[in-house]
file start_4.cif (mmCIF, C-alpha atoms)
data_my_file
loop_
_atom_site.label_atom_id
_atom_site.label_comp_id
_atom_site.auth_asym_id
_atom_site.auth_seq_id
_atom_site.Cartn_x
_atom_site.Cartn_y
_atom_site.Cartn_z
CA MET X 30 0.00 0.00 0.00
CA LEU X 31 1.52 3.24 -1.20
CA VAL X 32 1.30 5.79 1.63
CA GLY X 33 3.08 8.91 2.95
CA SER X 34 4.00 11.69 0.53
CA SER X 35 4.55 9.04 -2.12
CA GLY X 36 0.79 8.50 -1.92
CA LEU X 37 0.72 11.40 -4.39
CA PHE X 38 2.23 9.04 -6.95
CA GLY X 39 -0.82 6.83 -6.59
CA PHE X 40 -3.43 9.08 -8.20
CA GLU X 41 -3.75 11.78 -10.82
CA THR X 42 -2.57 15.06 -9.33
CA ARG X 43 -0.47 18.09 -10.11
CA VAL X 44 0.61 18.41 -6.47
CA PRO X 45 4.31 17.64 -6.32
CA ALA X 46 5.33 15.06 -3.72
CA LEU X 47 8.65 16.85 -3.14
CA THR X 48 10.16 13.51 -2.27
CA GLU X 49 11.62 10.61 -4.13
CA ASP X 50 11.20 8.31 -1.18
CA ILE X 51 8.61 5.60 -1.34
CA ASP X 52 6.58 4.75 1.76
CA VAL X 53 4.81 1.43 1.70
CA ALA X 54 2.50 0.08 4.39
CA ALA X 55 2.12 -3.65 4.81
CA PRO X 56 -0.12 -5.60 7.19
CA GLU X 57 1.62 -5.95 10.51
CA ASP X 58 1.12 -9.69 10.67
CA THR X 59 2.61 -10.11 7.20
CA VAL X 60 5.70 -8.23 8.34
CA ALA X 61 5.86 -10.41 11.45
CA ARG X 62 5.55 -13.65 9.48
CA HIS X 63 7.58 -12.78 6.41
CA GLY X 64 9.96 -10.06 7.58
CA ARG X 65 13.10 -11.87 6.56
CA GLU X 66 11.69 -12.79 3.14
CA ILE X 67 10.66 -9.18 2.56
CA VAL X 68 14.17 -7.99 3.37
CA GLU X 69 15.72 -10.63 1.10
CA ALA X 70 13.32 -9.87 -1.73
CA LEU X 71 14.14 -6.18 -1.60
CA GLN X 72 17.86 -6.90 -1.38
CA ALA X 73 17.56 -9.08 -4.47
CA GLN X 74 16.16 -6.04 -6.28
CA GLY X 75 19.15 -3.97 -5.29
CA PHE X 76 17.80 -2.30 -2.15
CA GLU X 77 20.27 -2.22 0.71
CA HIS X 78 18.65 -2.80 4.08
CA GLN X 79 19.64 -0.22 6.70
CA PRO X 80 20.27 -2.43 9.74
CA GLY X 81 17.77 -2.12 12.53
CA THR X 82 15.41 -0.01 10.46
CA ALA X 83 12.62 -0.55 7.95
CA SER X 84 14.45 1.61 5.40
CA PHE X 85 16.06 0.37 2.22
CA VAL X 86 18.34 2.36 -0.05
CA GLY X 87 18.02 1.52 -3.68
CA PRO X 88 19.96 2.30 -6.80
CA GLU X 89 20.45 6.07 -7.23
CA ASN X 90 19.80 6.40 -3.50
CA ALA X 91 16.05 6.09 -3.73
CA VAL X 92 14.80 5.31 -0.24
CA PHE X 93 12.11 2.75 0.35
CA ASP X 94 10.48 2.89 3.79
CA LEU X 95 8.21 0.19 5.13
CA LEU X 96 5.65 0.65 7.82
CA GLY X 97 2.89 -1.48 9.20
CA HIS X 98 -0.82 -1.28 9.62
CA GLY X 99 -2.89 -3.42 11.91
CA ASP X 100 -5.38 -3.22 14.72
CA ALA X 101 -6.07 0.47 15.44
CA GLU X 102 -7.23 -0.41 18.93
CA GLU X 103 -3.61 -1.18 19.82
CA GLY X 104 -2.71 2.46 19.23
CA ASP X 105 0.64 3.55 17.85
CA HIS X 106 3.16 0.78 18.35
CA THR X 107 5.95 -1.16 16.73
CA GLY X 108 5.49 -4.49 15.07
CA GLY X 109 7.41 -7.19 13.21
CA THR X 110 10.41 -9.16 14.37
CA ASP X 111 14.15 -8.56 14.68
CA ALA X 112 14.46 -9.29 10.97
CA LEU X 113 12.21 -6.36 10.13
CA ARG X 114 10.62 -4.11 12.71
CA VAL X 115 8.12 -1.50 11.57
CA MET X 116 6.20 1.39 13.01
CA VAL X 117 2.44 0.88 13.10
CA PHE X 118 0.38 4.07 13.11
CA GLU X 119 -3.03 4.05 14.76
CA ASP X 120 -4.65 6.60 12.45
CA LEU X 121 -3.42 4.90 9.31
CA SER X 122 -4.49 1.51 10.64
CA ARG X 123 -7.97 2.81 11.41
CA LEU X 124 -8.35 4.22 7.93
CA LEU X 125 -6.96 1.18 6.12
CA ALA X 126 -9.33 -1.08 8.03
CA THR X 127 -11.95 0.04 5.50
CA PRO X 128 -11.06 -1.41 2.10
CA GLN X 129 -12.87 1.40 0.24
CA THR X 130 -10.22 3.85 1.39
CA THR X 131 -7.69 2.40 -1.02
CA MET X 132 -7.59 1.58 -4.70
CA GLU X 133 -5.72 -0.80 -6.90
CA LEU X 134 -2.83 0.57 -8.90
CA PRO X 135 -2.59 -0.34 -12.59
CA SER X 136 0.94 -1.59 -12.01
CA GLY X 137 -0.05 -3.74 -9.02
CA GLY X 138 -0.32 -3.03 -5.33
CA ARG X 139 -2.67 -0.49 -3.82
CA ALA X 140 -2.62 3.18 -2.93
CA LEU X 141 -4.68 5.50 -0.79
CA ARG X 142 -7.60 7.07 -2.56
CA PRO X 143 -7.25 10.86 -2.83
CA ALA X 144 -9.79 11.46 -0.03
CA SER X 145 -7.98 9.00 2.23
CA PHE X 146 -4.68 10.63 1.41
CA VAL X 147 -6.12 13.98 2.50
CA ILE X 148 -7.39 12.63 5.80
CA VAL X 149 -4.20 10.73 6.61
CA LYS X 150 -2.10 13.79 5.90
CA LEU X 151 -4.34 16.09 7.93
CA LEU X 152 -4.10 13.70 10.86
CA THR X 153 -0.37 13.15 10.66
CA GLU X 154 1.33 14.53 13.74
CA ARG X 155 4.89 15.35 12.93
CA ALA X 156 5.86 18.55 14.69
CA HIS X 157 9.44 17.92 13.59
CA LYS X 158 8.30 17.83 9.96
CA GLY X 159 6.48 21.15 10.06
CA ALA X 160 3.55 21.84 7.81
CA LYS X 161 4.39 19.63 4.84
CA ASP X 162 1.74 16.97 5.42
CA LYS X 163 -1.04 19.52 5.89
CA LEU X 164 -0.01 21.54 2.86
CA GLN X 165 -0.12 18.46 0.67
CA ALA X 166 -3.60 17.65 1.95
CA LEU X 167 -4.84 21.19 1.37
CA LEU X 168 -3.39 21.28 -2.12
CA VAL X 169 -5.19 18.06 -3.04
CA LEU X 170 -8.39 19.48 -1.55
CA ALA X 171 -7.99 22.64 -3.62
CA GLU X 172 -7.26 20.69 -6.76
CA ARG X 173 -10.31 18.46 -6.38
CA GLY X 174 -12.66 21.06 -5.06
CA GLU X 175 -15.20 20.63 -7.82
CA ASP X 176 -15.25 16.85 -7.56
CA GLU X 177 -18.42 16.03 -5.64
CA ALA X 178 -17.66 12.33 -5.25
CA PHE X 179 -14.28 13.18 -3.75
CA GLU X 180 -15.86 15.69 -1.38
CA ALA X 181 -18.45 13.15 -0.31
CA GLU X 182 -15.67 10.69 0.48
CA VAL X 183 -13.78 13.29 2.52
CA ARG X 184 -16.97 14.14 4.37
CA GLY X 185 -17.65 10.45 5.05
CA LEU X 186 -14.20 9.95 6.51
CA LEU X 187 -14.48 13.07 8.65
CA THR X 188 -17.87 11.99 9.94
CA ALA X 189 -16.28 8.88 11.38
CA MET X 190 -13.78 10.87 13.42
CA ASP X 191 -14.21 11.93 17.00
CA PRO X 192 -14.68 15.66 17.69
CA GLU X 193 -11.29 16.05 19.33
CA ARG X 194 -9.47 14.73 16.29
CA LEU X 195 -11.58 16.99 14.10
CA ALA X 196 -10.51 19.94 16.21
CA ASP X 197 -6.87 18.82 15.93
CA LEU X 198 -7.26 18.62 12.20
CA ARG X 199 -8.83 22.07 11.85
CA ALA X 200 -6.14 23.66 13.99
CA ALA X 201 -3.29 21.95 12.19
CA ALA X 202 -4.63 22.97 8.78
CA GLN X 203 -5.02 26.59 9.87
CA ALA X 204 -1.54 26.58 11.42
CA ALA X 205 -0.05 25.25 8.18
CA VAL X 206 -1.60 28.08 6.17
CA PHE X 207 -0.47 30.63 8.73
CA SER X 208 3.09 29.34 8.72
CA LEU X 209 3.23 29.47 4.94
CA GLN X 210 1.84 33.02 4.89
CA LYS X 211 4.16 34.40 7.54
CA ASP X 212 7.43 33.26 6.07
CA PRO X 213 8.07 34.52 2.54
CA THR X 214 10.98 32.14 2.12
CA PHE X 215 9.14 29.33 3.88
CA SER X 216 12.07 27.32 5.13
CA ASP X 217 9.83 24.53 6.38
CA ALA X 218 11.35 21.06 6.59
CA GLY X 219 11.04 19.57 3.13
CA ALA X 220 8.06 21.70 2.11
CA GLU X 221 9.86 24.72 0.67
CA GLY X 222 8.58 23.86 -2.78
CA TYR X 223 5.04 24.62 -1.69
CA ALA X 224 5.76 28.30 -0.96
CA SER X 225 4.65 29.41 -4.42
CA MET X 226 1.33 27.62 -3.97
CA ARG X 227 0.09 29.83 -1.15
CA HIS X 228 -3.13 30.78 -2.87
CA GLN X 229 -4.00 27.17 -3.61
CA VAL X 230 -3.29 26.21 -0.03
CA GLU X 231 -5.71 28.92 1.13
CA VAL X 232 -8.32 27.60 -1.29
CA GLY X 233 -7.76 24.14 0.20
CA LEU X 234 -8.35 25.46 3.70
CA GLU X 235 -11.52 27.23 2.58
CA ARG X 236 -12.77 23.98 1.09
CA LEU X 237 -11.92 22.03 4.20
CA SER X 238 -13.72 24.63 6.32
CA ALA X 239 -16.77 24.42 4.06
CA ILE X 240 -16.86 20.63 4.37
CA LEU X 241 -16.51 20.84 8.14
CA GLU X 242 -19.23 23.49 8.35
CA ARG X 243 -21.60 21.15 6.52
CA LEU X 244 -20.73 18.42 9.00
CA ASP X 245 -21.57 20.74 11.87
CA ALA X 246 -24.85 21.87 10.30
CA MET B 13 23.76 10.65 -0.42
CA PRO B 14 20.58 10.04 1.51
CA ASP B 15 20.34 11.76 4.87
CA ALA B 16 21.36 9.40 7.68
CA ARG B 17 18.65 10.86 9.93
CA ARG B 18 16.01 9.26 7.80
CA PHE B 19 16.97 5.83 8.89
CA LEU B 20 15.32 5.57 12.23
CA THR B 21 14.47 2.31 13.87
CA ALA B 22 10.82 1.58 14.55
CA ASP B 23 11.41 2.30 18.23
CA GLU B 24 12.99 5.64 17.40
CA ARG B 25 10.06 6.48 15.16
CA LEU B 26 7.67 5.62 17.95
CA LYS B 27 9.59 7.87 20.35
CA GLN B 28 9.48 10.68 17.81
CA LEU B 29 5.75 10.19 17.38
CA GLN B 30 5.28 10.23 21.14
CA ARG B 31 7.12 13.57 21.29
CA ASP B 32 4.82 14.90 18.57
CA ARG B 33 1.77 13.62 20.45
CA LYS B 34 3.04 15.45 23.52
CA ALA B 35 3.08 18.68 21.52
CA LEU B 36 -0.46 17.90 20.42
CA ARG B 37 -1.57 17.39 24.01
CA ARG B 38 -0.15 20.79 24.86
CA GLU B 39 -2.13 22.33 22.01
CA ARG B 40 -5.27 20.61 23.23
CA MET B 41 -4.70 22.06 26.67
CA ILE B 42 -4.44 25.57 25.21
CA ARG B 43 -7.66 24.89 23.32
CA GLU B 44 -9.35 23.72 26.49
CA VAL B 45 -8.29 26.82 28.38
CA ALA B 46 -9.47 29.15 25.60
CA GLY B 47 -12.92 27.57 25.53
CA PRO B 48 -15.53 28.10 22.80
CA VAL B 49 -13.72 31.07 21.27
CA TRP B 50 -10.98 28.72 20.15
CA HIS B 51 -13.47 26.74 18.07
CA ARG B 52 -14.72 29.88 16.38
CA MET B 53 -11.24 31.21 15.75
CA VAL B 54 -9.98 28.02 14.20
CA ARG B 55 -12.66 28.29 11.51
CA VAL B 56 -11.09 31.45 10.17
CA VAL B 57 -9.01 31.23 7.02
CA PRO B 58 -6.02 33.44 7.86
CA LEU B 59 -5.39 36.36 5.56
CA SER B 60 -1.92 37.75 5.24
CA PHE B 61 -2.04 41.54 4.81
CA GLU B 62 1.44 41.68 3.38
CA SER B 63 0.70 39.07 0.74
CA GLN B 64 -2.22 40.93 -0.82
CA GLY B 65 0.05 43.11 -2.92
CA ARG B 66 3.44 44.77 -2.59
CA LEU B 67 4.24 45.79 0.95
CA VAL B 68 6.08 49.09 1.42
CA ALA B 69 7.24 50.51 4.73
CA ARG B 70 7.85 54.22 5.32
CA VAL B 71 8.93 55.82 8.56
CA LEU B 72 6.40 58.25 10.04
CA LEU B 73 7.74 61.81 10.34
CA ALA B 74 4.51 63.18 11.75
CA SER B 75 1.95 61.85 14.19
CA ARG B 76 0.11 58.67 13.37
CA GLU B 77 -3.16 60.60 13.38
CA ALA B 78 -1.86 63.13 10.84
CA VAL B 79 -0.73 60.37 8.50
CA ILE B 80 -4.07 58.57 8.77
CA GLU B 81 -5.92 61.80 8.07
CA ALA B 82 -3.76 62.51 5.01
CA LEU B 83 -4.34 59.00 3.67
CA LYS B 84 -8.09 59.14 4.22
CA PRO B 85 -9.12 59.78 0.59
CA ASP B 86 -6.87 57.05 -0.78
CA ALA B 87 -6.70 54.24 1.72
CA VAL B 88 -8.63 51.32 3.00
CA PHE B 89 -7.21 50.92 6.46
CA ALA B 90 -6.40 47.42 7.56
CA VAL B 91 -5.21 45.17 10.38
CA ASP B 92 -4.67 46.96 13.71
CA THR B 93 -5.32 50.43 12.27
CA ALA B 94 -8.73 49.32 10.98
CA MET B 95 -9.72 48.01 14.38
CA ARG B 96 -8.47 51.11 16.20
CA LEU B 97 -10.26 53.46 13.83
CA ALA B 98 -13.49 51.50 13.97
CA HIS B 99 -13.53 50.66 17.65
CA GLY B 100 -10.83 52.58 19.49
CA ALA B 101 -8.98 49.40 20.46
CA GLY B 102 -6.41 47.43 18.50
CA PHE B 103 -4.72 44.08 18.79
CA LEU B 104 -1.07 44.98 18.26
CA ALA B 105 1.07 46.46 21.00
CA VAL B 106 2.82 48.93 18.72
CA GLN B 107 0.55 51.46 17.06
CA GLU B 108 1.57 51.94 13.44
CA VAL B 109 -0.45 52.52 10.27
CA GLN B 110 -1.52 49.65 8.03
CA ALA B 111 -3.39 50.49 4.86
CA TYR B 112 -4.15 49.27 1.37
CA LEU B 113 -3.34 51.77 -1.37
CA VAL B 114 -3.57 51.72 -5.13
CA GLY B 115 -0.26 52.94 -6.50
CA ARG B 116 2.49 55.00 -4.93
CA GLU B 117 1.03 58.44 -5.54
CA PRO B 118 -0.34 58.81 -2.00
CA LEU B 119 3.08 57.86 -0.64
CA ASP B 120 4.77 60.52 -2.78
CA ARG B 121 2.21 63.09 -1.68
CA LEU B 122 2.68 62.33 2.01
CA ALA B 123 6.45 62.32 1.62
CA ALA B 124 6.32 65.71 -0.13
CA ALA B 125 4.24 67.01 2.76
CA GLY B 126 6.88 65.79 5.20
CA LEU B 127 4.56 63.28 6.86
CA ILE B 128 6.52 60.15 5.97
CA SER B 129 10.06 59.39 4.84
CA PRO B 130 10.66 59.77 1.10
CA ASP B 131 12.40 56.40 0.90
CA ASP B 132 11.19 52.93 1.64
CA TYR B 133 12.27 51.57 5.00
CA PHE B 134 14.01 48.21 4.90
CA ASP B 135 12.05 46.60 7.72
CA SER B 136 8.48 45.78 6.76
CA VAL B 137 7.85 43.01 9.28
CA ILE B 138 4.44 43.76 10.71
CA VAL B 139 4.81 42.22 14.16
CA ARG B 140 8.40 42.84 15.09
CA PRO B 141 9.80 41.82 18.44
CA TRP B 142 12.67 44.29 18.04
CA PRO B 143 12.59 48.07 18.38
CA GLY B 144 12.31 50.44 15.46
CA PRO B 145 10.69 53.64 14.23
CA THR B 146 6.94 53.96 13.85
CA ARG B 147 6.00 53.10 10.27
CA LEU B 148 3.36 53.31 7.64
CA LEU B 149 2.92 49.81 6.23
CA ALA B 150 1.23 50.21 2.90
CA CYS B 151 0.16 47.25 0.86
CA LEU B 152 0.02 48.38 -2.75
CA VAL B 153 -2.80 46.63 -4.56
CA ASP B 154 -4.29 46.85 -8.05
CA GLU B 155 -7.75 47.58 -6.72
CA LEU B 156 -8.93 48.64 -3.29
CA LEU B 157 -10.48 45.89 -1.23
CA PRO B 158 -14.08 45.73 -0.05
CA SER B 159 -14.46 48.16 2.81
CA ARG B 160 -16.95 49.88 5.09
CA GLU B 161 -17.07 53.54 5.92
CA ILE B 162 -16.96 54.36 9.59
CA GLN B 163 -17.43 57.46 11.67
CA GLY B 164 -15.05 60.19 10.53
CA GLY B 165 -15.28 59.05 6.93
CA TYR B 166 -12.47 56.50 7.10
CA ARG B 167 -12.69 53.35 5.04
CA VAL B 168 -11.67 50.19 6.85
CA VAL B 169 -11.72 46.55 5.85
CA THR B 170 -14.93 44.61 6.32
CA ARG B 171 -15.70 42.88 9.58
CA GLU B 172 -15.09 39.42 8.16
CA ARG B 173 -11.82 40.48 6.58
CA LEU B 174 -10.62 42.09 9.80
CA GLY B 175 -11.05 38.77 11.61
CA ARG B 176 -9.10 37.02 8.89
CA GLU B 177 -6.38 39.66 8.99
CA LEU B 178 -6.12 39.33 12.75
CA VAL B 179 -5.54 35.58 12.57
CA GLY B 180 -3.27 36.08 9.58
CA THR B 181 -1.19 38.58 11.54
CA VAL B 182 -0.89 37.14 15.02
CA GLY B 183 -2.01 33.55 14.48
CA PRO B 184 -4.69 31.80 16.51
CA ARG B 185 -4.62 34.04 19.59
CA ALA B 186 -7.87 33.47 21.44
CA ASP B 187 -7.35 36.47 23.74
CA LEU B 188 -7.13 38.82 20.76
CA PHE B 189 -9.79 37.08 18.71
CA VAL B 190 -12.30 37.43 21.52
CA LEU B 191 -11.53 41.16 21.64
CA TYR B 192 -12.23 41.36 17.91
CA GLU B 193 -15.54 39.55 18.36
CA LYS B 194 -16.49 41.82 21.22
CA VAL B 195 -15.74 45.12 19.52
CA GLU B 196 -17.36 43.96 16.28
CA GLY B 197 -20.42 42.81 18.18
CA ILE B 198 -20.26 39.34 16.71
CA GLU B 199 -22.93 36.98 17.93
CA THR B 200 -21.17 33.99 19.49
CA SER B 201 -23.94 31.93 21.01
CA GLY B 202 -24.03 29.37 18.19
CA ALA B 203 -20.47 28.17 18.65
CA PRO B 204 -20.02 24.41 18.96
CA GLU B 205 -18.26 23.08 22.01
CA SER B 206 -16.66 20.13 20.20
#
call {"tool": "encode", "arguments": {"input": "start_4.cif", "output": "structure tokens"}}
result
Amino acid sequence: MLVGSSGLFGFETRVPALTEDIDVAAPEDTVARHGREIVEALQAQGFEHQPGTASFVGPENAVFDLLGHGDAEEGDHTGGTDALRVMVFEDLSRLLATPQTTMELPSGGRALRPASFVIVKLLTERAHKGAKDKLQALLVLAERGEDEAFEAEVRGLLTAMDPERLADLRAAAQAAVFSLQKDPTFSDAGAEGYASMRHQVEVGLERLSAILERLDA
Amino acid sequence: MPDARRFLTADERLKQLQRDRKALRRERMIREVAGPVWHRMVRVVPLSFESQGRLVARVLLASREAVIEALKPDAVFAVDTAMRLAHGAGFLAVQEVQAYLVGREPLDRLAAAGLISPDDYFDSVIVRPWPGPTRLLACLVDELLPSREIQGGYRVVTRERLGRELVGTVGPRADLFVLYEKVEGIETSGAPES
């Protein structure tokens, strides 16, 4: 399952991922049962396993990161075995528990649907990574603003969230826009390339607000 | 070469996430303390005054009031100046002049009258934590923004825009946002508690 910023490679979009890294989520129990085989299979394709991590460096230094998804009720935790230990994120696990949140890729494997990508990114808590996740989500929202089916999916996913997480999400989205507006050079970790898209990011926040207002109504 | 910091173990990633969650808990506490106003404020799409056009700073050589009066026919006053003109109270500690103008002609006229410096001032940061002279911060736009006329004949930004400018200037500051709501007489009873 293609996730993270590389989720942007999984659907039609003009929003740049600003990363060449590939994040892939696999079921936690698969990682636990087949960790060694996964490592060996990736090594056979030229990816060098970084010991102790779930990161693999490929030809031309492309980085391939694995993470797990599993039972959301277990919260954020680590999974796998010594051969391959992965981080399992609660929010991602909760979302992926519904098969309709993902779609098949023409080349095999699955990716987050655009609406799921937006929700995952809005929920991602990475203070050390600044506003990048939120900006990506807002840009996708802006880009697909006229797509009613997409909006209905976003609304459906938001409806399932508890009010506190919704408040987190609103605040984080607003903070991302504010941080982009206040710094003309926008030296945010890894998100500098989004500085020129300020207007689109604001449109994305307006759309998110409109969706949330309809939820509240 | 790839950055070595990327290659964290799962346990290190979990620790990092736990640190981030701690920051989130702190934010939730601030939200809790602020109460319902926080939920209203967070709905506002911030509007950056300086990004609406080309921002020019000039040092005031006369009183703030004289400069505002001289700009009256040309300007739509914004940010803190708009709130002070409309309600007698502002949200920034330092009283300067923020206004939207079309073109530089008003600046030239005020400079010729000795009200502002003839040259642009290098520092146009709106909220500056360092000392400096009192300035006119003019955002030069192609077309003046929607405004309302208040007592004295001044044009100031609309109520909705003022709220957006406030959040776009100081960020989500509940103490200042509640002041804005109060002076603007905004009805707040329908706010969700979340």
call {"tool": "atom_distance", "arguments": {"input": "start_4.cif", "atom1": "CA of Glu193 (chain X)", "atom2": "CA of Gly108 (chain X)"}}
result
26.9 Å
call {"tool": "resolve_selection", "arguments": {"input": "start_4.cif", "expression": "the PyMOL selection byres ((chain X and resi 82) around 9)", "output": "list of chain:residue names"}}
result
X:His78, X:Gln79, X:Pro80, X:Gly81, X:Ala83, X:Ser84, X:Phe85, X:Asp94, X:Leu95, X:Leu113, X:Arg114, X:Val115, B:Phe19, B:Leu20, B:Thr21, B:Ala22
call {"tool": "resolve_selection", "arguments": {"input": "start_4.cif", "expression": "the PyMOL selection byres ((chain B) within 7 of (chain X))", "output": "JSON, numbers by chain"}}
result
{"B": [13, 14, 19, 20, 21, 22, 23, 25, 26, 29, 32, 33, 54, 55, 57, 58, 60, 180, 183, 206]}
call {"tool": "residues_near_point", "arguments": {"input": "start_4.cif", "point": "(-6.0, 0.5, -3.6)", "cutoff": "12 Å", "atoms": "only C-alpha atoms", "output": "ChimeraX atom specification"}}
result
/X:30-32,36,39-40,54,125,127-143,145-146
call {"tool": "closest_residue", "arguments": {"input": "start_4.cif", "among": "B:Leu122, B:Val137, B:Ala101, B:Ile198", "to": "Leu73 (chain B)", "atoms": "all atoms listed in the file"}}
result
B:Leu122
